[in-house]
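Here's entry-v5.cif, which has mmCIF, C-alpha atoms (C1' of nucleotides):
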data_protein
loop_
_atom_site.label_atom_id
_atom_site.label_comp_id
_atom_site.auth_asym_id
_atom_site.auth_seq_id
_atom_site.Cartn_x
_atom_site.Cartn_y
_atom_site.Cartn_z
CA MET D 1 -43.23 159.64 152.06
CA GLU D 2 -43.47 163.41 152.34
CA PHE D 3 -39.75 164.11 152.64
CA ARG D 4 -38.81 167.70 151.93
CA LYS D 5 -35.12 168.33 151.48
CA HIS D 6 -35.39 171.93 152.65
CA GLN D 7 -36.70 170.65 155.96
CA SER D 8 -34.11 167.90 156.34
CA ALA D 9 -31.28 168.75 158.73
CA GLY D 10 -28.89 166.39 156.99
CA TYR D 11 -29.56 167.83 153.58
CA LEU D 12 -29.20 171.41 154.79
CA VAL D 13 -26.04 170.64 156.75
CA ASN D 14 -24.44 169.12 153.67
CA HIS D 15 -25.40 172.03 151.46
CA MET D 16 -24.25 174.58 154.01
CA ALA D 17 -20.92 172.81 154.45
CA ARG D 18 -20.30 172.94 150.71
CA LEU D 19 -21.08 176.65 150.66
CA PHE D 20 -18.69 177.34 153.54
CA ALA D 21 -16.00 175.21 151.90
CA ARG D 22 -16.33 177.02 148.58
CA GLY D 23 -16.10 180.37 150.29
CA LEU D 24 -13.08 179.59 152.40
CA ALA D 25 -11.32 177.83 149.52
CA ALA D 26 -11.60 180.96 147.40
CA ARG D 27 -10.22 183.13 150.18
CA ILE D 28 -7.18 181.05 151.06
CA LYS D 29 -6.28 179.85 147.58
CA PRO D 30 -4.26 183.04 146.88
CA MET D 31 -1.97 182.16 149.78
CA GLY D 32 -1.45 178.62 148.52
CA LEU D 33 -3.65 176.96 151.14
CA SER D 34 -6.52 174.50 150.74
CA ILE D 35 -9.28 173.82 153.20
CA GLY D 36 -8.17 170.36 154.29
CA THR D 37 -5.01 171.72 155.84
CA PHE D 38 -6.81 174.38 157.84
CA PRO D 39 -7.81 172.35 160.89
CA ALA D 40 -4.33 170.87 161.22
CA LEU D 41 -2.77 174.31 160.89
CA LEU D 42 -5.05 175.65 163.62
CA GLU D 43 -3.80 173.01 166.03
CA LEU D 44 -0.16 173.43 165.08
CA TRP D 45 -0.26 177.20 165.29
CA GLU D 46 -1.41 176.75 168.85
CA THR D 47 0.98 173.94 169.79
CA ASP D 48 3.72 173.06 167.36
CA GLY D 49 5.28 169.61 167.39
CA LEU D 50 2.13 167.57 167.85
CA THR D 51 2.04 163.93 166.85
CA GLN D 52 -0.06 162.68 163.95
CA LYS D 53 -2.06 160.66 166.48
CA GLN D 54 -2.74 163.74 168.58
CA LEU D 55 -3.91 165.64 165.52
CA THR D 56 -6.34 162.91 164.49
CA GLU D 57 -7.85 162.87 167.95
CA ARG D 58 -8.19 166.61 168.31
CA LEU D 59 -9.75 167.02 164.88
CA ASP D 60 -11.97 163.91 164.81
CA ILE D 61 -10.44 162.83 161.53
CA GLU D 62 -9.50 159.29 160.56
CA GLN D 63 -5.82 158.44 160.78
CA ALA D 64 -5.53 157.67 157.08
CA THR D 65 -7.09 160.99 156.14
CA MET D 66 -4.65 162.83 158.36
CA ALA D 67 -1.68 160.92 156.95
CA ASN D 68 -2.66 161.98 153.44
CA THR D 69 -3.30 165.57 154.47
CA LEU D 70 0.09 165.76 156.18
CA ALA D 71 1.75 164.31 153.10
CA ARG D 72 0.30 167.12 151.00
CA MET D 73 1.29 169.69 153.60
CA GLU D 74 4.85 168.38 153.60
CA ARG D 75 4.91 168.43 149.81
CA ASP D 76 3.70 172.04 149.87
CA GLY D 77 6.31 173.13 152.38
CA LEU D 78 3.97 173.73 155.30
CA ILE D 79 5.36 171.14 157.71
CA THR D 80 8.29 168.85 158.37
CA ARG D 81 8.00 165.43 160.00
CA LYS D 82 10.68 164.16 162.39
CA ARG D 83 10.71 160.78 164.07
CA ASP D 84 10.48 161.00 167.83
CA SER D 85 13.82 160.06 169.39
CA ALA D 86 12.17 158.45 172.41
CA ASP D 87 9.57 156.45 170.44
CA GLY D 88 10.49 155.64 166.86
CA ARG D 89 6.88 155.10 165.87
CA LYS D 90 5.80 158.65 166.52
CA GLN D 91 6.28 161.54 164.15
CA ARG D 92 6.45 165.08 165.44
CA ILE D 93 4.80 167.53 163.04
CA CYS D 94 6.54 170.91 162.95
CA LEU D 95 5.52 174.02 161.05
CA THR D 96 7.85 175.61 158.55
CA ASN D 97 8.52 179.33 158.54
CA ARG D 98 6.18 179.64 155.60
CA ALA D 99 3.33 178.11 157.60
CA ARG D 100 4.09 180.30 160.61
CA HIS D 101 3.93 183.40 158.47
CA LEU D 102 0.56 182.35 157.06
CA HIS D 103 -1.02 182.38 160.51
CA ALA D 104 -2.34 185.93 160.55
CA PRO D 105 -3.65 186.12 156.96
CA ALA D 106 -5.23 182.68 157.16
CA ILE D 107 -7.05 183.51 160.39
CA ALA D 108 -8.19 186.75 158.83
CA ALA D 109 -9.57 184.86 155.84
CA ALA D 110 -11.45 182.36 158.00
CA THR D 111 -12.88 185.13 160.13
CA ALA D 112 -13.97 187.03 157.05
CA GLU D 113 -15.62 183.94 155.59
CA ASN D 114 -17.47 183.21 158.83
CA HIS D 115 -18.67 186.76 158.90
CA ALA D 116 -19.77 186.76 155.28
CA ALA D 117 -21.49 183.38 155.47
CA LEU D 118 -23.50 184.42 158.52
CA ARG D 119 -24.34 187.91 157.33
CA ALA D 120 -28.04 187.04 157.02
CA LEU D 121 -28.25 186.32 160.76
CA SER D 122 -28.53 188.80 163.58
CA THR D 123 -25.89 188.73 166.30
CA ASP D 124 -28.27 186.83 168.52
CA GLU D 125 -29.07 184.33 165.81
CA GLN D 126 -25.38 183.80 165.14
CA ARG D 127 -24.83 183.01 168.81
CA GLN D 128 -27.78 180.62 168.81
CA PHE D 129 -26.52 178.92 165.68
CA ILE D 130 -23.07 178.33 167.16
CA THR D 131 -24.56 177.01 170.38
CA LEU D 132 -26.90 174.63 168.56
CA MET D 133 -24.04 173.25 166.48
CA GLN D 134 -21.93 172.74 169.58
CA LYS D 135 -24.75 170.74 171.16
CA ILE D 136 -25.23 168.62 168.07
CA ILE D 137 -21.55 167.88 167.71
CA ALA D 138 -21.15 167.05 171.39
CA SER D 139 -24.04 164.61 171.31
CA ASN D 140 -22.73 162.90 168.19
CA THR D 141 -19.11 162.60 169.19
CA ASP D 142 -17.67 159.72 171.15
CA THR D 143 -15.75 161.48 173.90
CA THR D 144 -14.89 158.37 175.87
CA THR D 145 -11.55 157.76 174.23
CA LYS D 146 -10.62 161.17 172.90
CA ASP D 147 -7.70 163.41 173.80
CA GLN D 148 -6.66 161.76 177.01
CA MET O 1 -4.99 185.88 166.86
CA GLU O 2 -7.49 184.51 169.32
CA PHE O 3 -9.24 182.09 166.95
CA ARG O 4 -11.16 179.34 168.71
CA LYS O 5 -12.30 176.51 166.48
CA HIS O 6 -15.25 175.68 168.71
CA GLN O 7 -16.54 179.19 168.14
CA SER O 8 -15.95 179.19 164.39
CA ALA O 9 -19.07 178.60 162.32
CA GLY O 10 -17.07 177.19 159.42
CA TYR O 11 -15.21 174.74 161.57
CA LEU O 12 -18.37 173.56 163.31
CA VAL O 13 -20.29 173.26 160.07
CA ASN O 14 -17.59 171.10 158.57
CA HIS O 15 -17.40 168.85 161.63
CA MET O 16 -21.17 168.54 161.82
CA ALA O 17 -21.42 167.67 158.14
CA ARG O 18 -18.91 164.87 158.58
CA LEU O 19 -20.87 163.50 161.51
CA PHE O 20 -24.14 163.55 159.55
CA ALA O 21 -22.44 161.92 156.58
CA ARG O 22 -20.97 159.14 158.68
CA GLY O 23 -24.33 158.47 160.27
CA LEU O 24 -26.33 158.37 157.07
CA ALA O 25 -23.65 156.34 155.26
CA ALA O 26 -23.88 153.64 157.91
CA ARG O 27 -27.66 153.52 157.69
CA ILE O 28 -27.96 153.26 153.90
CA LYS O 29 -24.94 151.09 153.23
CA PRO O 30 -26.95 147.90 153.90
CA MET O 31 -29.27 148.79 151.02
CA GLY O 32 -26.36 149.39 148.67
CA LEU O 33 -26.63 153.18 148.67
CA SER O 34 -23.99 155.82 149.32
CA ILE O 35 -24.57 159.38 150.41
CA GLY O 36 -23.63 161.08 147.15
CA THR O 37 -26.55 159.51 145.34
CA PHE O 38 -29.09 160.59 147.92
CA PRO O 39 -29.82 164.12 146.71
CA ALA O 40 -30.21 162.96 143.12
CA LEU O 41 -32.52 160.16 144.21
CA LEU O 42 -34.66 162.61 146.16
CA GLU O 43 -35.22 164.68 143.04
CA LEU O 44 -35.85 161.70 140.81
CA TRP O 45 -38.26 160.05 143.23
CA GLU O 46 -40.27 163.23 143.02
CA THR O 47 -40.00 163.78 139.27
CA ASP O 48 -38.49 161.01 137.19
CA GLY O 49 -36.89 161.78 133.84
CA LEU O 50 -35.06 164.95 134.80
CA THR O 51 -32.10 166.14 132.78
CA GLN O 52 -28.58 166.13 134.17
CA LYS O 53 -28.62 169.91 133.85
CA GLN O 54 -31.83 170.17 135.85
CA LEU O 55 -30.36 167.99 138.57
CA THR O 56 -27.22 170.08 138.89
CA GLU O 57 -29.30 173.24 139.22
CA ARG O 58 -31.72 171.86 141.76
CA LEU O 59 -28.97 170.40 143.92
CA ASP O 60 -26.39 173.19 143.61
CA ILE O 61 -23.76 170.68 142.49
CA GLU O 62 -21.18 171.22 139.78
CA GLN O 63 -21.94 169.57 136.45
CA ALA O 64 -18.84 167.39 136.55
CA THR O 65 -19.68 166.13 140.03
CA MET O 66 -23.16 165.21 138.90
CA ALA O 67 -21.86 163.45 135.79
CA ASN O 68 -19.62 161.28 137.93
CA THR O 69 -22.35 160.57 140.47
CA LEU O 70 -24.75 159.56 137.70
CA ALA O 71 -22.09 157.30 136.22
CA ARG O 72 -21.79 155.46 139.54
CA MET O 73 -25.57 155.29 139.84
CA GLU O 74 -25.84 153.81 136.37
CA ARG O 75 -23.10 151.31 137.18
CA ASP O 76 -24.97 150.33 140.34
CA GLY O 77 -28.26 149.85 138.55
CA LEU O 78 -30.07 152.83 140.04
CA ILE O 79 -30.70 154.80 136.85
CA THR O 80 -30.68 154.61 133.07
CA ARG O 81 -29.75 157.48 130.76
CA LYS O 82 -31.55 158.05 127.46
CA ARG O 83 -30.79 160.76 124.92
CA ASP O 84 -33.61 163.22 124.44
CA SER O 85 -35.22 162.73 121.04
CA ALA O 86 -35.95 166.45 120.64
CA ASP O 87 -32.52 167.68 121.73
CA GLY O 88 -29.66 165.25 121.24
CA ARG O 89 -27.49 166.97 123.84
CA LYS O 90 -29.79 166.28 126.75
CA GLN O 91 -29.95 163.06 128.70
CA ARG O 92 -33.08 162.05 130.53
CA ILE O 93 -32.29 160.30 133.81
CA CYS O 94 -34.77 157.57 134.71
CA LEU O 95 -34.93 155.46 137.83
CA THR O 96 -34.76 151.69 137.65
CA ASN O 97 -37.18 149.49 139.52
CA ARG O 98 -34.50 148.86 142.07
CA ALA O 99 -34.20 152.58 142.80
CA ARG O 100 -37.96 152.98 142.98
CA HIS O 101 -38.21 150.20 145.53
CA LEU O 102 -35.52 151.83 147.66
CA HIS O 103 -37.61 154.96 148.12
CA ALA O 104 -39.38 154.04 151.35
CA PRO O 105 -36.45 152.45 153.21
CA ALA O 106 -34.06 155.21 152.16
CA ILE O 107 -36.40 157.94 153.34
CA ALA O 108 -36.86 156.05 156.58
CA ALA O 109 -33.08 155.89 157.04
CA ALA O 110 -32.62 159.60 156.39
CA THR O 111 -35.44 160.49 158.75
CA ALA O 112 -33.97 158.26 161.44
CA GLU O 113 -30.55 159.81 161.01
CA ASN O 114 -31.94 163.33 161.22
CA HIS O 115 -33.76 162.39 164.35
CA ALA O 116 -30.76 160.75 165.96
CA ALA O 117 -28.37 163.52 165.05
CA LEU O 118 -30.65 166.18 166.54
CA ARG O 119 -31.61 164.24 169.63
CA ALA O 120 -29.76 166.70 171.88
CA LEU O 121 -32.04 169.55 170.78
CA SER O 122 -35.56 170.31 171.94
CA THR O 123 -38.30 170.47 169.34
CA ASP O 124 -38.10 174.25 169.41
CA GLU O 125 -34.35 174.23 169.01
CA GLN O 126 -34.62 171.83 166.09
CA ARG O 127 -37.02 174.21 164.38
CA GLN O 128 -34.71 177.14 165.06
CA PHE O 129 -31.75 175.21 163.72
CA ILE O 130 -33.50 174.37 160.47
CA THR O 131 -34.66 177.96 160.03
CA LEU O 132 -31.19 179.36 160.65
CA MET O 133 -29.66 176.99 158.11
CA GLN O 134 -32.28 177.93 155.54
CA LYS O 135 -31.42 181.60 156.02
CA ILE O 136 -27.70 180.96 155.71
CA ILE O 137 -28.08 178.86 152.58
CA ALA O 138 -30.44 181.36 150.97
CA SER O 139 -28.05 184.24 151.58
CA ASN O 140 -25.10 182.29 150.20
CA THR O 141 -26.73 180.91 147.10
CA ASP O 142 -26.89 182.67 143.78
CA THR O 143 -30.55 182.43 142.86
CA THR O 144 -30.38 184.70 139.84
CA THR O 145 -29.76 181.95 137.32
CA LYS O 146 -31.13 178.88 139.07
CA ASP O 147 -33.99 176.62 138.11
CA GLN O 148 -35.61 178.81 135.50
"C1'" DA Y 1 15.45 135.52 174.37
"C1'" DT Y 2 11.43 134.29 171.70
"C1'" DA Y 3 6.92 134.85 170.65
"C1'" DC Y 4 3.05 137.59 170.77
"C1'" DC Y 5 0.32 141.90 171.29
"C1'" DT Y 6 -0.25 146.83 170.80
"C1'" DT Y 7 0.59 151.22 168.82
"C1'" DG Y 8 1.67 154.69 165.18
"C1'" DT Y 9 2.03 155.42 160.22
"C1'" DA Y 10 1.64 154.39 155.50
"C1'" DT Y 11 -0.73 152.61 151.48
"C1'" DA Y 12 -4.50 150.97 148.43
"C1'" DG Y 13 -8.83 151.77 146.82
"C1'" DC Y 14 -13.09 154.00 146.84
"C1'" DC Y 15 -16.69 158.09 147.08
"C1'" DT Y 16 -17.75 162.90 146.69
"C1'" DG Y 17 -16.49 167.41 145.82
"C1'" DC Y 18 -13.94 170.83 142.79
"C1'" DT Y 19 -11.67 173.23 138.29
"C1'" DA Y 20 -10.24 172.94 133.62
"C1'" DT Y 21 -10.85 171.21 129.31
"C1'" DG Y 22 -12.69 168.70 125.22
"C1'" DC Y 23 -16.38 167.62 122.22
"C1'" DA Y 24 -20.75 166.93 119.93
"C1'" DA Y 25 -25.32 168.84 119.19
"C1'" DT Y 26 -27.93 172.82 118.60
"C1'" DA Y 27 -28.69 177.83 117.87
"C1'" DA Y 28 -27.49 182.18 115.96
"C1'" DT Y 29 -25.40 185.11 112.67
"C1'" DA Y 30 -22.80 186.87 108.74
"C1'" DT C 1 -25.42 178.25 103.65
"C1'" DA C 2 -21.15 178.51 106.11
"C1'" DT C 3 -19.21 180.10 110.20
"C1'" DT C 4 -19.39 181.01 114.86
"C1'" DA C 5 -21.34 180.82 119.48
"C1'" DT C 6 -23.74 178.35 122.97
"C1'" DT C 7 -25.31 174.47 125.44
"C1'" DG C 8 -25.05 169.79 127.59
"C1'" DC C 9 -22.26 166.25 128.84
"C1'" DA C 10 -17.78 163.59 129.54
"C1'" DT C 11 -13.13 163.25 131.07
"C1'" DA C 12 -8.71 164.33 133.45
"C1'" DG C 13 -6.75 165.43 137.53
"C1'" DC C 14 -6.74 166.82 142.17
"C1'" DA C 15 -8.38 167.53 147.34
"C1'" DG C 16 -10.24 165.51 151.18
"C1'" DG C 17 -13.17 162.15 153.34
"C1'" DC C 18 -13.71 157.02 154.37
"C1'" DT C 19 -12.50 151.61 155.28
"C1'" DA C 20 -9.30 147.91 155.10
"C1'" DT C 21 -4.87 146.41 155.33
"C1'" DA C 22 0.23 146.18 155.87
"C1'" DC C 23 4.16 146.96 158.57
"C1'" DA C 24 7.71 148.48 161.70
"C1'" DA C 25 8.64 150.00 166.50
"C1'" DG C 26 7.76 149.22 171.10
"C1'" DG C 27 5.75 146.42 175.02
"C1'" DT C 28 4.53 141.91 177.43
"C1'" DA C 29 4.75 137.45 178.72
"C1'" DT C 30 6.30 133.00 178.94
#
Give the structure from this file in structure tokens form.
Amino acid sequence: MEFRKHQSAGYLVNHMARLFARGLAARIKPMGLSIGTFPALLELWETDGLTQKQLTERLDIEQATMANTLARMERDGLITRKRDSADGRKQRICLTNRARHLHAPAIAAATAENHAALRALSTDEQRQFITLMQKIIASNTDTTTKDQ
Amino acid sequence: MEFRKHQSAGYLVNHMARLFARGLAARIKPMGLSIGTFPALLELWETDGLTQKQLTERLDIEQATMANTLARMERDGLITRKRDSADGRKQRICLTNRARHLHAPAIAAATAENHAALRALSTDEQRQFITLMQKIIASNTDTTTKDQ
DNA sequence: ATACCTTGTATAGCCTGCTATGCAATAATA
DNA sequence: TATTATTGCATAGCAGGCTATACAAGGTAT
């Protein structure tokens, strides 16, 4: 049973994710943002008016998690939710002005955190790292029913 | 503002961590374990009777998080907590028989999950990936006051 | 038209992470 | 020795992840 945590991918991935989360949280807290909203904001900055369903699919997040995240975002004045006139089940998620104005500083913060977190790696190593993660994610994600 | 999530280390790390967590959770659920207990169990399987303080330092987890995790572990019959006779503030964490017997199957589950999650990578790439993560974690961890 | 199925959200309840705070035991100092 | 500081743990409260479940809106089928 020679299991060494520092050689275990799962252990390292978890630890690394907590370190990234702490770092980004500290950077975006001053602008009133928390990390859970970030992925949703990224999607909405690119295409406003997405459905909750579309967000869950694009972000690989469970529907219930997204519903709760959107509730907090609405509470914090980042989004508004409007029922779709054509299909009363759907809710269109729209950014508020506040959220639109946070685009540039939030992206800057995320970029800075990525840079800082990877500072121990050379440019080549950083590229390798990204590529390896993309492979891992692709092979562990069910793409058969996503984002059609 | 050309920010692409699939090129962002932070985004990928978060997604990857959720995938690993889902995978391990599914594998250890049948034995009545959840992922939050795993790091603590790893330490205790190696050296039983550690203090809560020692656990938080070795796992880079906040004290409050560890206190809650240990409370769940005690509730679930994985550990017992005994006050230290020499220093009444400290609590020695000891594994129950149940936890000791879970060692082998739990390690097997974690090993299997690591293997499955990395199946898209060659042996060389897996080594590179581990090494890169170790570098990132080391450069983002404050080692000045840890584990003295 | 009625009954049934599917789809999109919401809610309840839990785990795992965090910060902030309280408190008891010990250590240090005036 | 009495006071103060430090140390170790617990608790409150929240964010963000999950599963299970409820429910209303929209389709389908008889």
ask   = For chain O, which residue out of C:DA22, C:DC14, C:DC9, C:DA2 is the nearest one, using only C-alpha atoms (C1' of nucleotides)?
value =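 The shortest atom-to-atom distance to chain O comes from C:DC9.
Using only C-alpha atoms (C1' of nucleotides), the shortest contact distance between chain Y and any of D:Asp142, D:Asp84, D:Glu74, D:Asp60 is found at D:Asp84.
Nearest to chain Y of all the residues D:Ser8, D:Thr65, D:Thr47, D:Ser122 is D:Thr65, counting only C-alpha atoms (C1' of nucleotides).
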Target residues per the PyMOL selection byres ((chain Y and resi 25-29) around 12), formatted as a JSON list (two decimals) with C-alpha atoms (C1' of nucleotides), in the coordinates of the input:
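Writing done, so here's expr-v9.json:
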[["chain", "number", "residue", "atom", "x", "y", "z"],
["O", 83, "ARG", "CA", -30.79, 160.76, 124.92],
["O", 84, "ASP", "CA", -33.61, 163.22, 124.44],
["O", 85, "SER", "CA", -35.22, 162.73, 121.04],
["O", 86, "ALA", "CA", -35.95, 166.45, 120.64],
["O", 87, "ASP", "CA", -32.52, 167.68, 121.73],
["O", 88, "GLY", "CA", -29.66, 165.25, 121.24],
["O", 89, "ARG", "CA", -27.49, 166.97, 123.84],
["O", 90, "LYS", "CA", -29.79, 166.28, 126.75],
["Y", 23, "DC", "C1'", -16.38, 167.62, 122.22],
["Y", 24, "DA", "C1'", -20.75, 166.93, 119.93],
["Y", 30, "DA", "C1'", -22.80, 186.87, 108.74],
["C", 1, "DT", "C1'", -25.42, 178.25, 103.65],
["C", 2, "DA", "C1'", -21.15, 178.51, 106.11],
["C", 3, "DT", "C1'", -19.21, 180.10, 110.20],
["C", 4, "DT", "C1'", -19.39, 181.01, 114.86],
["C", 5, "DA", "C1'", -21.34, 180.82, 119.48],
["C", 6, "DT", "C1'", -23.74, 178.35, 122.97],
["C", 7, "DT", "C1'", -25.31, 174.47, 125.44],
["C", 8, "DG", "C1'", -25.05, 169.79, 127.59],
["C", 9, "DC", "C1'", -22.26, 166.25, 128.84]]
request  = Write out as a ChimeraX atom specification which residues come within 8 Å of segment 110-117 of chain D when counting only C-alpha atoms (C1' of nucleotides), dropping same-chain ones fewer than 2 positions away.
outcome  = /D:20,23-24,27,106-108,119-120 /O:8-10,136,139-140
remark   = The residue from O:Leu44, O:Glu62, O:Lys29, O:Val13 with the smallest atom-to-atom distance to DT19 of chain Y, counting all atoms listed in the file, is O:Glu62
Can you build me a table of chain O residues sitting at most 9 Å from chain C, with the closest atom pair per residue and its distance in Å to one decimal, using all atoms listed in the file, sorted by chain and residue number, as a Markdown table?
| residue | atom | partner | partner_atom | distance |
| --- | --- | --- | --- | --- |
| O:Arg18 | CA | C:DG17 | C1' | 8.2 |
| O:Arg22 | CA | C:DC18 | C1' | 8.7 |
| O:Gln52 | CA | C:DC9 | C1' | 8.3 |
| O:Lys53 | CA | C:DG8 | C1' | 7.2 |
| O:Gln63 | CA | C:DC9 | C1' | 8.3 |
| O:Ala64 | CA | C:DA10 | C1' | 8.0 |
| O:Ala67 | CA | C:DA10 | C1' | 7.5 |
| O:Asn68 | CA | C:DA10 | C1' | 8.9 |
| O:Arg89 | CA | C:DG8 | C1' | 5.3 |
| O:Lys90 | CA | C:DG8 | C1' | 6.0 |
| O:Gln91 | CA | C:DC9 | C1' | 8.3 |
Would you put the residues from that selection into a file with C-alpha atoms, as a short mmCIF file (atom, residue, chain, number, x, y, z; two decimals), keeping the file's coordinate frame?
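Written output follows (selection_25.cif):
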data_model
loop_
_atom_site.label_atom_id
_atom_site.label_comp_id
_atom_site.auth_asym_id
_atom_site.auth_seq_id
_atom_site.Cartn_x
_atom_site.Cartn_y
_atom_site.Cartn_z
CA ARG O 18 -18.91 164.87 158.58
CA ARG O 22 -20.97 159.14 158.68
CA GLN O 52 -28.58 166.13 134.17
CA LYS O 53 -28.62 169.91 133.85
CA GLN O 63 -21.94 169.57 136.45
CA ALA O 64 -18.84 167.39 136.55
CA ALA O 67 -21.86 163.45 135.79
CA ASN O 68 -19.62 161.28 137.93
CA ARG O 89 -27.49 166.97 123.84
CA LYS O 90 -29.79 166.28 126.75
CA GLN O 91 -29.95 163.06 128.70
#
query = Between atom CA of Ile79 of chain O and atom CA of Leu95 of chain O, what is the spacing in Å?
reply =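 That distance, rounded to one decimal, is 4.4 Å.
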request  = Pick out the residues sitting within 10 Å of DC15 of chain Y, and hand them over as a list in words; count all atoms listed in the file, and ignore anything fewer than 4 positions along from it in its own chain.
outcome  = Ser34, Ile35, Gly36, Thr69 and Arg72 of chain O; DG17 and DC18 of chain C
query = atom CA of Met66 of chain O and atom CA of Leu102 of chain O, how far apart in Å?
reply =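 Distance between the two atoms: 20.2 Å.
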Protein, DNA and RNA residues within 12 Å of (-25.9, 149.0, 149.2), all atoms listed in the file, as a ChimeraX atom specification = /O:25-35,37,73,76-78,98-99,102,105-106
inquiry  = From the options O:Asp124, O:Ile93, O:Arg81, O:Leu118, which residue's atoms come nearest to chain D, counting only C-alpha atoms?
reply    =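 Among the listed residues, the smallest separation from chain D belongs to O:Leu118.
The spacing separating atom CA of Gly49 of chain D from atom CA of Asn97 of chain D amounts to 13.5 Å.
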message = With only C-alpha atoms (C1' of nucleotides) as the counted atoms, please give the residues lying no more than 10 Å from Asp48 of chain D, apart from itself and same-chain residues fewer than 2 positions off, as a PyMOL selection string.
response = chain D and resi 41-46+50-51+79+92-95+100
Output requested as a short mmCIF file (atom, residue, chain, number, x, y, z; two decimals), keeping the file's coordinate frame - segment 26-31 of chain D, filled out with all heavy atoms.
data_model
loop_
_atom_site.label_atom_id
_atom_site.label_comp_id
_atom_site.auth_asym_id
_atom_site.auth_seq_id
_atom_site.Cartn_x
_atom_site.Cartn_y
_atom_site.Cartn_z
N ALA D 26 -11.90 179.80 148.25
CA ALA D 26 -11.60 180.96 147.40
C ALA D 26 -10.72 181.97 148.13
O ALA D 26 -9.84 182.58 147.53
CB ALA D 26 -12.90 181.61 146.94
N ARG D 27 -10.97 182.13 149.43
CA ARG D 27 -10.22 183.13 150.18
C ARG D 27 -8.77 182.73 150.46
O ARG D 27 -7.89 183.59 150.53
CB ARG D 27 -10.92 183.42 151.51
CG ARG D 27 -12.22 184.20 151.37
CD ARG D 27 -12.93 184.36 152.71
NE ARG D 27 -14.32 184.75 152.54
CZ ARG D 27 -14.74 186.01 152.47
NH1 ARG D 27 -13.87 186.99 152.57
NH2 ARG D 27 -16.02 186.28 152.31
N ILE D 28 -8.54 181.45 150.67
CA ILE D 28 -7.18 181.05 151.06
C ILE D 28 -6.36 180.51 149.88
O ILE D 28 -5.15 180.33 150.00
CB ILE D 28 -7.20 179.98 152.18
CG1 ILE D 28 -7.89 178.70 151.73
CG2 ILE D 28 -7.83 180.56 153.43
CD1 ILE D 28 -7.95 177.64 152.80
N LYS D 29 -7.01 180.32 148.75
CA LYS D 29 -6.28 179.85 147.58
C LYS D 29 -5.13 180.79 147.21
O LYS D 29 -4.02 180.32 146.90
CB LYS D 29 -7.24 179.71 146.39
CG LYS D 29 -6.63 179.04 145.17
CD LYS D 29 -7.67 178.86 144.06
CE LYS D 29 -7.06 178.14 142.86
NZ LYS D 29 -8.06 177.95 141.77
N PRO D 30 -5.35 182.12 147.24
CA PRO D 30 -4.26 183.04 146.88
C PRO D 30 -3.01 182.87 147.74
O PRO D 30 -1.92 183.19 147.29
CB PRO D 30 -4.88 184.43 147.10
CG PRO D 30 -6.35 184.22 146.96
CD PRO D 30 -6.61 182.85 147.50
N MET D 31 -3.17 182.36 148.96
CA MET D 31 -1.97 182.16 149.78
C MET D 31 -1.46 180.72 149.71
O MET D 31 -0.63 180.30 150.51
CB MET D 31 -2.21 182.61 151.24
CG MET D 31 -3.52 182.23 151.84
SD MET D 31 -3.78 182.99 153.51
CE MET D 31 -5.25 183.98 153.23
#
